[in-house]
>>> print(open('model04.cif').read())   # mmCIF, C-alpha atoms
data_target
loop_
_atom_site.label_atom_id
_atom_site.label_comp_id
_atom_site.auth_asym_id
_atom_site.auth_seq_id
_atom_site.Cartn_x
_atom_site.Cartn_y
_atom_site.Cartn_z
CA MET A 1 18.22 -25.88 44.50
CA THR A 2 18.29 -23.03 46.98
CA LEU A 3 20.99 -20.43 47.28
CA VAL A 4 22.46 -21.88 50.46
CA ALA A 5 22.33 -25.54 49.51
CA ARG A 6 25.73 -25.51 47.85
CA ARG A 7 29.03 -24.55 49.38
CA THR A 8 30.06 -21.15 48.15
CA LEU A 9 33.28 -19.26 48.69
CA VAL A 10 33.45 -15.52 48.11
CA ALA A 11 37.02 -14.50 47.31
CA ILE A 12 38.34 -10.95 47.28
CA PRO A 13 41.84 -10.37 45.90
CA ALA A 14 43.32 -7.31 47.58
CA TYR A 15 46.46 -5.31 46.92
CA ASN A 16 46.90 -2.14 48.97
CA GLU A 17 43.16 -1.77 49.61
CA ALA A 18 43.26 -0.82 53.31
CA ALA A 19 40.89 2.09 52.69
CA THR A 20 38.06 -0.04 51.34
CA ILE A 21 38.57 -3.72 52.15
CA ARG A 22 36.95 -3.71 55.59
CA ALA A 23 33.74 -2.12 54.31
CA VAL A 24 33.64 -4.56 51.38
CA VAL A 25 34.08 -7.54 53.71
CA GLU A 26 31.36 -6.26 56.05
CA ARG A 27 28.94 -5.78 53.14
CA VAL A 28 29.66 -9.29 51.87
CA ARG A 29 29.06 -10.64 55.38
CA ALA A 30 25.74 -8.77 55.59
CA HIS A 31 24.44 -9.77 52.15
CA LEU A 32 25.88 -13.29 51.87
CA PRO A 33 25.82 -14.68 55.41
CA ASP A 34 25.80 -18.31 54.22
CA CYS A 35 28.92 -18.02 52.11
CA ASP A 36 32.47 -18.40 53.36
CA LEU A 37 34.67 -15.41 52.78
CA LEU A 38 38.29 -15.44 51.69
CA VAL A 39 40.55 -12.43 51.23
CA VAL A 40 43.69 -13.03 49.18
CA ASN A 41 46.11 -10.40 50.42
CA ASP A 42 48.40 -10.10 47.40
CA GLY A 43 51.53 -8.79 49.12
CA SER A 44 49.97 -5.51 50.22
CA LEU A 45 52.35 -2.94 51.65
CA ASP A 46 49.69 -0.88 53.42
CA GLY A 47 47.53 -1.97 56.35
CA THR A 48 45.22 -4.27 54.34
CA ALA A 49 45.95 -7.25 56.61
CA THR A 50 45.57 -5.22 59.82
CA VAL A 51 42.17 -3.73 59.02
CA LEU A 52 40.72 -7.21 58.47
CA HIS A 53 41.05 -8.19 62.15
CA GLY A 54 37.70 -9.12 63.61
CA THR A 55 35.82 -9.21 60.32
CA GLY A 56 35.30 -12.97 60.25
CA ALA A 57 37.06 -13.33 56.92
CA THR A 58 39.69 -15.95 56.27
CA VAL A 59 42.84 -14.28 55.02
CA ILE A 60 45.55 -15.93 52.98
CA ALA A 61 48.59 -13.86 52.16
CA HIS A 62 51.03 -13.88 49.28
CA LEU A 63 54.46 -13.00 50.64
CA CYS A 64 55.00 -10.80 47.60
CA ASN A 65 52.77 -9.25 44.97
CA LEU A 66 51.95 -11.80 42.24
CA GLY A 67 49.31 -9.83 40.38
CA TYR A 68 45.55 -10.09 39.99
CA GLY A 69 45.53 -13.22 37.83
CA ARG A 70 47.66 -15.22 40.27
CA ALA A 71 45.62 -13.97 43.24
CA ILE A 72 42.47 -15.30 41.59
CA GLN A 73 44.27 -18.53 40.78
CA THR A 74 45.26 -18.90 44.45
CA ALA A 75 41.59 -18.48 45.39
CA VAL A 76 40.61 -21.13 42.84
CA LEU A 77 43.25 -23.51 44.22
CA TYR A 78 41.99 -22.88 47.77
CA ALA A 79 38.36 -23.45 46.72
CA GLU A 80 39.27 -26.64 44.88
CA ARG A 81 41.18 -28.11 47.82
CA ALA A 82 38.53 -27.12 50.37
CA GLY A 83 35.81 -28.73 48.24
CA TYR A 84 33.68 -25.70 47.44
CA ASP A 85 31.05 -25.97 44.72
CA ARG A 86 31.27 -22.38 43.52
CA LEU A 87 33.62 -19.48 43.82
CA VAL A 88 32.46 -15.89 43.64
CA THR A 89 35.14 -13.29 42.93
CA LEU A 90 34.67 -9.64 43.87
CA ASP A 91 36.91 -6.59 43.57
CA ALA A 92 38.29 -5.13 46.80
CA ASP A 93 37.80 -1.50 45.82
CA GLY A 94 34.08 -1.50 46.63
CA GLN A 95 32.88 -1.12 43.06
CA HIS A 96 30.83 -4.32 43.20
CA ASP A 97 27.68 -4.45 45.27
CA PRO A 98 27.46 -7.77 47.18
CA ALA A 99 23.67 -7.35 47.18
CA GLN A 100 23.74 -8.25 43.46
CA VAL A 101 25.56 -11.53 44.01
CA GLY A 102 22.40 -13.35 45.12
CA ALA A 103 20.78 -12.81 41.71
CA LEU A 104 23.97 -13.97 40.01
CA LEU A 105 24.03 -17.15 42.09
CA ALA A 106 20.36 -17.80 41.34
CA GLU A 107 21.09 -17.51 37.60
CA PHE A 108 24.13 -19.74 38.00
CA ASP A 109 21.98 -22.33 39.74
CA SER A 110 19.79 -22.59 36.66
CA GLY A 111 22.50 -24.99 35.48
CA ARG A 112 23.02 -23.23 32.17
CA TRP A 113 26.49 -21.95 32.98
CA ASP A 114 29.87 -23.20 34.15
CA LEU A 115 31.06 -19.65 34.69
CA LEU A 116 28.91 -16.55 34.95
CA VAL A 117 30.29 -13.05 34.46
CA GLY A 118 28.68 -10.07 36.19
CA SER A 119 28.45 -7.78 33.18
CA ARG A 120 28.19 -4.01 33.02
CA TYR A 121 27.51 -3.95 29.29
CA VAL A 122 25.44 -6.99 28.35
CA VAL A 123 22.12 -5.15 28.47
CA GLY A 124 22.83 -2.09 26.34
CA ARG A 125 25.77 -3.67 24.50
CA GLN A 126 27.25 -0.18 24.45
CA TYR A 127 30.33 1.00 26.31
CA THR A 128 28.82 4.35 27.25
CA GLY A 129 30.65 6.36 29.88
CA VAL A 130 33.88 4.44 29.33
CA PRO A 131 37.00 6.48 28.42
CA PHE A 132 37.86 6.31 24.71
CA GLY A 133 41.03 4.20 24.94
CA ARG A 134 39.43 1.72 27.29
CA ARG A 135 36.31 1.56 25.12
CA ILE A 136 38.44 0.59 22.10
CA GLY A 137 40.15 -2.11 24.17
CA MET A 138 36.87 -3.50 25.47
CA ARG A 139 35.37 -3.63 21.98
CA LEU A 140 38.52 -5.25 20.64
CA PHE A 141 38.66 -8.00 23.25
CA SER A 142 34.92 -8.59 23.18
CA SER A 143 35.13 -9.03 19.40
CA LEU A 144 38.23 -11.22 19.73
CA VAL A 145 36.42 -13.52 22.17
CA GLY A 146 33.48 -13.68 19.73
CA LEU A 147 35.82 -14.43 16.83
CA MET A 148 37.67 -17.19 18.67
CA THR A 149 34.66 -18.86 20.27
CA GLY A 150 31.58 -17.82 18.30
CA HIS A 151 30.05 -16.41 21.48
CA ARG A 152 30.63 -12.78 22.32
CA ILE A 153 31.23 -11.69 25.91
CA TYR A 154 30.62 -7.96 26.34
CA ASP A 155 32.40 -7.44 29.65
CA THR A 156 35.65 -9.39 29.48
CA THR A 157 37.31 -7.43 32.30
CA SER A 158 34.65 -7.79 34.98
CA GLY A 159 36.00 -8.82 38.37
CA LEU A 160 32.63 -10.16 39.53
CA LYS A 161 32.31 -13.77 38.47
CA VAL A 162 30.71 -16.98 39.67
CA ILE A 163 33.02 -19.87 38.88
CA GLY A 164 31.70 -23.41 38.99
CA ARG A 165 33.66 -26.29 40.49
CA GLN A 166 33.91 -28.04 37.12
CA THR A 167 36.20 -25.26 35.87
CA PHE A 168 38.55 -25.20 38.90
CA THR A 169 40.99 -27.77 37.52
CA PRO A 170 41.54 -26.17 34.10
CA LEU A 171 41.86 -22.76 35.76
CA THR A 172 44.69 -23.98 37.97
CA LYS A 173 46.47 -25.89 35.20
CA TRP A 174 47.28 -23.01 32.88
CA GLN A 175 48.65 -19.49 33.16
CA PHE A 176 46.44 -16.42 32.93
CA ILE A 177 47.41 -12.77 33.03
CA ASP A 178 44.33 -11.20 34.55
CA PHE A 179 41.62 -13.85 34.24
CA HIS A 180 40.01 -11.76 31.53
CA ALA A 181 39.55 -12.53 27.81
CA GLU A 182 42.32 -15.14 27.76
CA ALA A 183 40.70 -17.21 30.51
CA LEU A 184 37.23 -16.93 28.95
CA VAL A 185 38.47 -18.03 25.52
CA TYR A 186 40.46 -20.92 27.03
CA LEU A 187 37.47 -22.22 28.97
CA MET A 188 35.00 -21.79 26.12
CA ARG A 189 37.31 -23.60 23.72
CA LEU A 190 37.47 -26.42 26.26
CA GLY A 191 33.70 -26.64 25.99
CA TYR A 192 32.64 -24.82 29.17
CA ARG A 193 29.55 -22.62 29.04
CA ILE A 194 30.14 -18.98 29.94
CA GLY A 195 27.36 -16.45 30.26
CA GLU A 196 26.82 -12.85 31.34
CA TYR A 197 24.37 -11.46 33.84
CA PRO A 198 23.71 -7.72 34.12
CA ILE A 199 25.12 -5.85 37.10
CA THR A 200 25.84 -2.25 37.95
CA VAL A 201 29.05 -0.98 39.51
CA ALA A 202 29.87 2.03 41.64
CA ASP A 203 32.72 4.42 40.92
CA ARG A 204 36.04 3.74 42.62
CA ARG A 205 36.37 6.07 45.62
CA HIS A 206 39.81 5.18 46.93
CA GLY A 207 43.11 4.08 45.46
CA THR A 208 44.04 3.87 41.82
CA THR A 209 43.51 1.41 39.02
CA MET A 210 45.95 -1.52 38.85
CA TYR A 211 46.83 -0.51 35.28
CA SER A 212 49.78 1.87 34.92
CA ALA A 213 50.44 4.00 31.85
CA LEU A 214 52.85 1.40 30.45
CA SER A 215 50.42 -1.44 31.03
CA HIS A 216 47.95 0.25 28.68
CA VAL A 217 50.37 -0.79 25.94
CA LYS A 218 51.52 -4.08 27.46
CA TYR A 219 48.11 -5.39 28.52
CA PRO A 220 46.46 -5.56 25.06
CA LEU A 221 49.55 -7.13 23.50
CA LYS A 222 49.95 -9.73 26.25
CA THR A 223 46.25 -10.52 26.37
CA ALA A 224 45.99 -10.82 22.57
CA LEU A 225 48.91 -13.24 22.58
CA MET A 226 47.42 -15.26 25.43
CA VAL A 227 43.99 -15.38 23.76
CA VAL A 228 45.54 -16.95 20.66
CA LEU A 229 47.63 -19.32 22.78
CA GLY A 230 44.52 -20.15 24.82
CA VAL A 231 42.88 -21.45 21.65
CA VAL A 232 45.98 -23.50 20.78
CA GLU A 233 46.34 -24.89 24.31
CA ALA A 234 42.64 -25.75 24.60
CA ASN A 235 42.71 -27.57 21.25
CA LEU A 236 45.80 -29.51 22.34
CA ALA A 237 44.20 -30.34 25.70
CA ARG A 238 41.06 -31.64 23.99
CA ARG A 239 43.17 -33.70 21.60
CA ARG A 240 45.16 -35.17 24.49
CA ALA A 241 41.97 -36.00 26.34
CA SER A 242 40.44 -37.78 23.35
CA MET B 1 70.18 -6.63 1.32
CA THR B 2 70.29 -9.56 -1.08
CA ALA B 3 67.32 -11.84 -1.72
CA ALA B 4 69.18 -14.71 -0.06
CA GLY B 5 69.78 -12.53 3.02
CA ILE B 6 66.10 -11.61 3.23
CA VAL B 7 65.00 -15.26 2.90
CA THR B 8 67.49 -16.28 5.60
CA GLY B 9 66.24 -13.47 7.85
CA ILE B 10 62.62 -14.53 7.36
CA PHE B 11 63.51 -18.16 8.06
CA ILE B 12 65.34 -17.25 11.29
CA GLY B 13 62.45 -14.96 12.31
CA CYS B 14 59.89 -17.73 11.78
CA ALA B 15 62.01 -20.19 13.78
CA LEU B 16 62.29 -17.66 16.62
CA LEU B 17 58.53 -17.00 16.56
CA VAL B 18 57.64 -20.70 16.72
CA TRP B 19 60.13 -21.29 19.53
CA VAL B 20 58.99 -18.30 21.62
CA ILE B 21 55.27 -19.02 21.16
CA ASP B 22 55.76 -22.64 22.18
CA LEU B 23 57.75 -21.55 25.25
CA VAL B 24 54.97 -19.15 26.31
CA ARG B 25 52.30 -21.81 25.71
CA ARG B 26 54.17 -24.27 27.91
CA ASP B 27 54.56 -21.62 30.63
CA ARG B 28 58.35 -21.71 30.25
CA LEU B 29 58.53 -18.07 29.19
CA TYR B 30 56.53 -15.29 30.85
CA ALA B 31 53.97 -13.83 28.44
CA GLY B 32 55.29 -10.31 29.08
CA TYR B 33 58.74 -11.29 27.79
CA GLY B 34 57.23 -13.38 25.00
CA VAL B 35 55.31 -10.37 23.71
CA ILE B 36 58.55 -8.40 23.29
CA PHE B 37 60.11 -11.15 21.18
CA VAL B 38 56.98 -11.93 19.19
CA PHE B 39 56.13 -8.37 18.21
CA GLY B 40 59.83 -7.43 17.86
CA THR B 41 60.37 -10.33 15.45
CA ILE B 42 57.21 -9.56 13.48
CA ALA B 43 58.31 -5.91 13.18
CA ALA B 44 61.81 -6.94 12.03
CA MET B 45 60.38 -9.38 9.47
CA THR B 46 58.01 -6.71 8.15
CA VAL B 47 60.94 -4.32 7.69
CA LEU B 48 62.84 -7.04 5.83
CA ILE B 49 59.97 -7.83 3.49
CA VAL B 50 58.97 -4.25 2.58
CA PRO B 51 61.85 -2.57 0.65
CA PRO B 52 60.84 1.05 1.41
CA LEU B 53 60.73 0.20 5.12
CA LEU B 54 64.15 -1.45 4.90
CA ARG B 55 65.56 1.63 3.17
CA ALA B 56 63.95 3.91 5.76
CA ALA B 57 65.29 1.80 8.63
CA THR B 58 68.76 1.85 7.10
CA ALA B 59 68.60 5.62 6.68
CA ALA B 60 67.21 6.08 10.18
CA SER B 61 70.08 4.10 11.63
CA THR B 62 72.40 6.50 9.76
CA ALA B 63 74.37 3.50 8.46
CA LEU B 64 77.09 4.65 6.09
CA LEU B 65 78.50 1.24 5.30
CA PRO B 66 76.75 -2.11 4.78
CA VAL B 67 76.53 -4.14 7.98
CA PRO B 68 78.95 -7.09 7.84
CA SER B 69 77.13 -10.40 7.76
CA LEU B 70 79.16 -11.46 10.80
CA SER B 71 77.43 -8.70 12.82
CA LEU B 72 74.03 -10.06 11.78
CA VAL B 73 75.05 -13.55 12.87
CA ALA B 74 76.14 -12.09 16.21
CA LEU B 75 72.78 -10.33 16.51
CA VAL B 76 70.88 -13.54 15.85
CA ILE B 77 72.96 -15.45 18.41
CA LEU B 78 72.44 -12.65 20.92
CA THR B 79 68.66 -12.74 20.39
CA PHE B 80 68.49 -16.51 20.91
CA LEU B 81 70.70 -16.17 23.99
CA MET B 82 68.35 -13.49 25.35
CA VAL B 83 65.38 -15.83 24.92
CA TYR B 84 67.31 -18.51 26.81
CA VAL B 85 68.12 -16.10 29.67
CA PHE B 86 64.49 -14.96 29.87
CA VAL B 87 63.36 -18.59 29.95
CA GLN B 88 65.63 -19.22 32.95
CA ILE B 89 64.25 -16.11 34.68
CA SER B 90 60.68 -17.22 33.93
CA ILE B 91 61.30 -20.72 35.31
CA LEU B 92 62.68 -19.27 38.52
CA SER B 93 59.82 -16.76 38.71
CA ASN B 94 57.26 -19.56 38.22
CA ARG B 95 58.82 -21.55 41.06
CA VAL B 96 58.66 -18.54 43.38
CA MET B 97 55.06 -17.95 42.32
CA ARG B 98 53.98 -21.54 43.03
CA LEU B 99 55.82 -21.51 46.34
CA THR B 100 54.13 -18.25 47.33
CA GLN B 101 50.69 -19.60 46.39
CA GLU B 102 51.31 -22.87 48.24
CA LEU B 103 52.50 -21.07 51.38
CA ALA B 104 49.44 -18.82 51.28
CA ILE B 105 46.99 -21.71 50.90
CA ARG B 106 48.62 -23.77 53.64
CA SER B 107 48.49 -21.00 56.23
CA PRO B 108 45.02 -19.41 56.15
CA GLN B 109 44.32 -17.04 59.02
CA ALA B 110 40.75 -17.01 60.27
CA GLN B 111 40.08 -13.55 61.63
CA ASP B 112 37.28 -14.66 63.93
CA SER B 113 36.05 -18.12 64.72
CA VAL B 114 35.21 -18.78 61.08
CA ALA B 115 37.26 -21.69 59.77
CA PRO B 116 37.95 -22.29 56.08
CA GLY B 117 35.43 -24.62 54.52
CA ALA B 118 32.83 -23.98 57.23
CA GLY B 119 30.11 -22.74 54.88
CA GLN B 120 26.58 -24.03 54.55
CA ARG B 121 26.37 -27.64 53.47
CA ASP B 122 23.68 -29.83 51.97
#
>>> encode(input="model04.cif", output="structure tokens")
Amino acid sequence: MTLVARRTLVAIPAYNEAATIRAVVERVRAHLPDCDLLVVNDGSLDGTATVLHGTGATVIAHLCNLGYGRAIQTAVLYAERAGYDRLVTLDADGQHDPAQVGALLAEFDSGRWDLLVGSRYVVGRQYTGVPFGRRIGMRLFSSLVGLMTGHRIYDTTSGLKVIGRQTFTPLTKWQFIDFHAEALVYLMRLGYRIGEYPITVADRRHGTTMYSALSHVKYPLKTALMVVLGVVEANLARRRAS
Amino acid sequence: MTAAGIVTGIFIGCALLVWVIDLVRRDRLYAGYGVIFVFGTIAAMTVLIVPPLLRAATAASTALLPVPSLSLVALVILTFLMVYVFVQISILSNRVMRLTQELAIRSPQAQDSVAPGAGQRD
């Protein structure tokens, strides 16, 4: 099956990304001309919506900021209702190179995966160049995913993913914080196949990370709780289905 | 604290944990609030179980007199009430969230002539 034979939606969640979003959209347009493009404006207070005029993207706007996880969930809901076969998620800060998405889609089309993660660490399996605190967190959640599912994912926080249609319904039925480890564990425990494909990312040039100082404490606790609950919920869902 | 008091405390803590975790699982309580109760309860139960920690916590709170059991009952009731209040806030927050998502999906704005769902087909 060729790259363009299936309907693909590229979704970019954006919160206060006026400085970068237009360039990201234009690069997606140039590299993925056969894919539809959706920007989920997650209640931005800057000119994110304004700078998108004339880019050819479809924009849907949250009236208030719901957070990254809900923005992705909105994109999944949109893709499900519009009948897309695959959803590609990209970060709005320009760190992901849309030129790499084609290879990801080709790997996804091999039929081995229900969800494919663009991974920065799957090749070397080392978190080199990552700040110490973040490195500990990444190791912890990667190990936790391995412990809960028997299959380790090395880049649980990657924003570049290819999501297959078969996973749309479960992804809209349950709550996720950031669509990271908790979503991966939930899907894998439901029996979906999740893989990683190597990518490289650029450094962020504008804006700041979505994680505040306080969230460095809150995020691991919340995610750890949701990972455990993801296992419970997936087991219950499978039991209900059988 | 007496052995009976510790056992009662552990029992109440376990009941709170089960309740909170089930609420978070059913999306009735926001995970961010749930985390506070879960880890708070686990910390309190750990202090109850480990005597040196209980002594240290008592000293740190500069308690001169034993806490009346009625105060502990009030604390337990207050904790359960707080969970209830947070559940109500979470329910309302979930409704706003779903409404916001639904409004967004129902009013897509195509920036050029590109309509949603107009990608390449088989």
>>> resolve_selection(input="model04.cif", expression="the PyMOL selection byres ((chain B and resi 79-94) around 6)", output="ChimeraX atom specification")
/B:28-30,76-78,95-97
>>> interface_residues(input="model04.cif", of="chain A", to="chain B", cutoff="9 Å", atoms="only C-alpha atoms", output="tab-separated table (two decimals) with C-alpha atoms, in the coordinates of the input")
chain	number	residue	atom	x	y	z
A	4	VAL	CA	22.46	-21.88	50.46
A	5	ALA	CA	22.33	-25.54	49.51
A	6	ARG	CA	25.73	-25.51	47.85
A	7	ARG	CA	29.03	-24.55	49.38
A	8	THR	CA	30.06	-21.15	48.15
A	9	LEU	CA	33.28	-19.26	48.69
A	34	ASP	CA	25.80	-18.31	54.22
A	35	CYS	CA	28.92	-18.02	52.11
A	36	ASP	CA	32.47	-18.40	53.36
A	37	LEU	CA	34.67	-15.41	52.78
A	38	LEU	CA	38.29	-15.44	51.69
A	40	VAL	CA	43.69	-13.03	49.18
A	52	LEU	CA	40.72	-7.21	58.47
A	53	HIS	CA	41.05	-8.19	62.15
A	54	GLY	CA	37.70	-9.12	63.61
A	55	THR	CA	35.82	-9.21	60.32
A	56	GLY	CA	35.30	-12.97	60.25
A	57	ALA	CA	37.06	-13.33	56.92
A	58	THR	CA	39.69	-15.95	56.27
A	59	VAL	CA	42.84	-14.28	55.02
A	60	ILE	CA	45.55	-15.93	52.98
A	61	ALA	CA	48.59	-13.86	52.16
A	62	HIS	CA	51.03	-13.88	49.28
A	63	LEU	CA	54.46	-13.00	50.64
A	64	CYS	CA	55.00	-10.80	47.60
A	66	LEU	CA	51.95	-11.80	42.24
A	70	ARG	CA	47.66	-15.22	40.27
A	71	ALA	CA	45.62	-13.97	43.24
A	73	GLN	CA	44.27	-18.53	40.78
A	74	THR	CA	45.26	-18.90	44.45
A	75	ALA	CA	41.59	-18.48	45.39
A	77	LEU	CA	43.25	-23.51	44.22
A	78	TYR	CA	41.99	-22.88	47.77
A	79	ALA	CA	38.36	-23.45	46.72
A	82	ALA	CA	38.53	-27.12	50.37
A	83	GLY	CA	35.81	-28.73	48.24
A	84	TYR	CA	33.68	-25.70	47.44
A	174	TRP	CA	47.28	-23.01	32.88
A	175	GLN	CA	48.65	-19.49	33.16
A	177	ILE	CA	47.41	-12.77	33.03
A	218	LYS	CA	51.52	-4.08	27.46
A	219	TYR	CA	48.11	-5.39	28.52
A	221	LEU	CA	49.55	-7.13	23.50
A	222	LYS	CA	49.95	-9.73	26.25
A	223	THR	CA	46.25	-10.52	26.37
A	225	LEU	CA	48.91	-13.24	22.58
A	226	MET	CA	47.42	-15.26	25.43
A	229	LEU	CA	47.63	-19.32	22.78
A	230	GLY	CA	44.52	-20.15	24.82
A	232	VAL	CA	45.98	-23.50	20.78
A	233	GLU	CA	46.34	-24.89	24.31
>>> atom_distance(input="model04.cif", atom1="atom CA of A:Trp113", atom2="atom CA of A:Arg193")
5.0 Å
>>> atom_distance(input="model04.cif", atom1="atom CA of B:Cys14", atom2="atom CA of B:Leu48")
12.6 Å
>>> atom_distance(input="model04.cif", atom1="atom CA of A:Val145", atom2="atom CA of A:Ala92")
26.1 Å
>>> resolve_selection(input="model04.cif", expression="the PyMOL selection byres ((chain A and resi 121) around 10)", output="count of residues only")
20
>>> closest_residue(input="model04.cif", among="A:Pro220, A:Gly129, A:Pro98, A:Gly191", to="A:Pro33", atoms="all atoms listed in the file")
A:Pro98
>>> residues_around(input="model04.cif", residues="stretch 16-30 of chain A", least_positions_apart="6", cutoff="10 Å", atoms="all atoms listed in the file", output="PyMOL selection string")
chain A and resi 10+36-39+41-57+90-99+101+204-208
>>> closest_residue(input="model04.cif", among="A:Ala181, A:Ile12, A:Ala241, A:Ile72", to="A:Phe141", atoms="all atoms listed in the file")
A:Ala181
>>> residues_around(input="model04.cif", residues="A:Leu144", least_positions_apart="5", cutoff="10 Å", atoms="all atoms listed in the file", output="PyMOL selection string")
chain A and resi 138-139+149-153+181-182+185+224+227-228
